[in-house]
Each structure stands twice: as C-alpha cells, then as structure tokens.
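Chemist: This is the structure I want to talk about, given as structure tokens.
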Amino acid sequence: MERFFFIHIQKTAGTSLRQHLMENFERSEVYPPPQEGGLYNYLVIYQMGAYLVDLPATEQARFRLFHGHMPFAVTQRLALDKPPTTFTVLREPVARTLSVLKQKKKMRPELAEASLEDIYDNRKYFEGQILNHQAKIFAVPDDSDLLAGFDPYPVGPDDLARAKANLEKVDVIGLQSDMPAFLGELERRFGWKTLTEDVRENVSSETEVSPSLLDRITADNAVDIEFYRHAEKLVRARAGS
C-alpha cells in the first residue's frame, strides 16, 4: 500500500490543499487523527514530529496520509515497510515571512496593535517560524531530537547543503507561485480529485510594510532565499523547462 507524507510548510497555501486532500482519504487513514481536547491539541500534534516517530509500527501502518508542520527528517524515521511518497510546497521567503507576520497580527488578540516590526522582533516567532524556516525544515538531521516544525534550528553552510539534498529526495515539489502546476502533477501521478477546486492561500490581511523591514527580512533569510532558488531550479528541471 502506498503511503504519502505532505510536508506542510506554514503559509504556503498548504491549509487549503490539506482540506482537499481529505476528500481523497478516509478520515481514519489520515494522521494526525482527531484529538481529545479539540483543535488546540490537534494543532500541537500537527507540528510535533516526535509524537509520530514514537508511535509503534503497527499504529503508523494504520495511516495512508501523514501531514504536518514537521521536518523532512520525520519522513525518514517512520517504522514503515517502505518510506512514504513525499510532497511539499515552497514559497518565496520574503513573501512567506510577511504572511506569517500578518497572520500573527490578525489572529492573536495580544498582537492586534503591534507593528509588523514588533512581531518580527519576537524571538519565539523569529527563531521558530521565520528565520530561514523552509531551509530549516529540510536541514534538520535525521537523528535530531528537534522534530517539531517550529523548533529553532540555525542553518549553517553544511546544513544548507543537507537541506538541498533532502529536498531533491522529495517526490513532488510545488511552488506557491504556480499552484495549478503542482496540483495538476498530484492529480496526474496519484489520481487524486478535487485538488484544483478553489485552493487558495490562507490569506492574511493587508498591512503596510516598511522598506526597512523588507531589507531586514531579506538579509536575515539569505539562506532561505538561496534554498528557494534551488527549489525553483529543481521544479524547472523536473518539468523539462
């Protein structure tokens, strides 16, 4: 039985895609399963790869689709008879970062009056969800204990090389800037339906962005920008263009 793992990177249109993926699987086949305690507990499990890795092999084998804000390393640590087929979506890093900041401002009452700069300066958000975040998801070593998607993990030169190599192992790579091509590829390869019906980014509200903040994001996320350029080259090469 083929199993699948959607490496869901925050603010890349993955939430809408996830909803449509659910149309192609029975709910009992999808990890994470519903959690006691409701949505909060579900979202905790959604980004805590250690919970999944620590499940007995018989429990892991119950699922056909795994998804979550988890590092690529989790896909390599599952006790399955063969590794799952993997897919992910990446987004231009500056745009992704701005979307994270705007979402925090919109969704968290305590940040409603905060500037985007204030949110960017929040160490928890910066280190866990912003700083070279996409490269980090693929850079975490397979034997690491940092298996939550929002765990801080600084990405150095060796880590960037590993991130690129791991990305090359992903079966289907999409870019948020061309979701129709990515969704079409999933439909063609796996026979999934309804994916292209109204799949949109989890849209954040419009907020004015200062040039100085844009400069900071670009400088701080230079590694992620290089990683994203590598992803663009991979997508183009696989498409034969």
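In the structure tokens, chains take letters A, B, ... by order of appearance, with residues numbered from 1 within each chain and ligands from 1 in the order shown.
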Under the rule of at most 12 Å, produce a per-residue listing of region 93-152 of chain A near region 175-197 of chain A: chain, number, name, the closest pair of atoms, and the distance in Å, as JSON lines, using only C-alpha atoms.
Modeler:
```
{"residue": "A:Pro93", "atom": "CA", "partner": "A:Gln176", "partner_atom": "CA", "distance": 10.8}
{"residue": "A:Ala95", "atom": "CA", "partner": "A:Gln176", "partner_atom": "CA", "distance": 10.3}
{"residue": "A:Arg96", "atom": "CA", "partner": "A:Gln176", "partner_atom": "CA", "distance": 9.6}
```
Chemist: Selected residues, C-alpha atoms, written as an mmCIF file, in the first residue's frame, please.
Modeler:
```cif
data_model
loop_
_atom_site.group_PDB
_atom_site.id
_atom_site.type_symbol
_atom_site.label_atom_id
_atom_site.label_comp_id
_atom_site.auth_asym_id
_atom_site.auth_seq_id
_atom_site.Cartn_x
_atom_site.Cartn_y
_atom_site.Cartn_z
ATOM 1 C CA PRO A 93 10.835 33.604 1.560
ATOM 2 C CA ALA A 95 6.514 36.922 0.927
ATOM 3 C CA ARG A 96 6.148 33.921 3.232
#
```
Chemist: For Gln10 (chain A), work out the shell of residues within 10 Å, counting only C-alpha atoms and skipping chain neighbours fewer than 6 positions away, then give it as a ChimeraX atom specification.
Modeler: /A:68-70,89-91,96-97,99-100,129-130,133-134,149-150,202
Chemist: For CA of Thr218 (chain A) and CA of Glu117 (chain A), determine how far apart the two atoms are, in Å to one decimal place.
Modeler: 13.7 Å
Chemist: Determine the nearest neighbour of Thr12 (chain A) from the options A:Lys164, A:Lys233, A:Leu146, A:Leu98, counting only C-alpha atoms.
Modeler: A:Leu98
Chemist: Which residue out of A:Tyr40, A:Lys124, A:His67, A:Gly49 has the minimum interatomic distance to Gly14 (chain A) when only C-alpha atoms are used?
Modeler: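 Comparing A:Tyr40, A:Lys124, A:His67, A:Gly49 against Gly14 (chain A), the winner is A:His67.
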Chemist: Let's see if you can do this: from backbone DSSP, list all alpha helix (DSSP H) residues in region 29-241 of chain A, as a ChimeraX atom specification.
Modeler: /A:39-46,49-53,57-60,93-107,116-120,123-125,133-139,157-169,179-190,211-220,222-239
Chemist: May I ask for the distance between CA of Asn221 (chain A) and CA of Thr75 (chain A), given in Å to one decimal place?
Modeler: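 About the pair CA of Asn221 (chain A) and CA of Thr75 (chain A): they are 25.0 Å apart.
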Chemist: From the options A:Thr58, A:Tyr42, A:Ala163, A:His20, which residue's atoms come nearest to Asp81 (chain A), counting only C-alpha atoms?
Modeler: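 Distance minimum relative to Asp81 (chain A) lands on A:Thr58.
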Chemist: Mind pulling up the distance from CA of Ala231 (chain A) to CA of Val140 (chain A)?
Modeler: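 We find that CA of Val140 (chain A) and CA of Ala231 (chain A) lie 17.1 Å from each other.
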Chemist: Go through A:Ile119, A:Leu131, A:Val44, A:Val170 and flag the residue nearest Phe5 (chain A), using only C-alpha atoms for the distances.
Modeler: A:Val170
Chemist: So which one's closest to Pro83 (chain A), A:Met107, A:Glu2, A:Val53, A:Pro154? Using only C-alpha atoms, please.
Modeler: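 Residue with the minimum atom-to-atom distance to Pro83 (chain A): A:Glu2.
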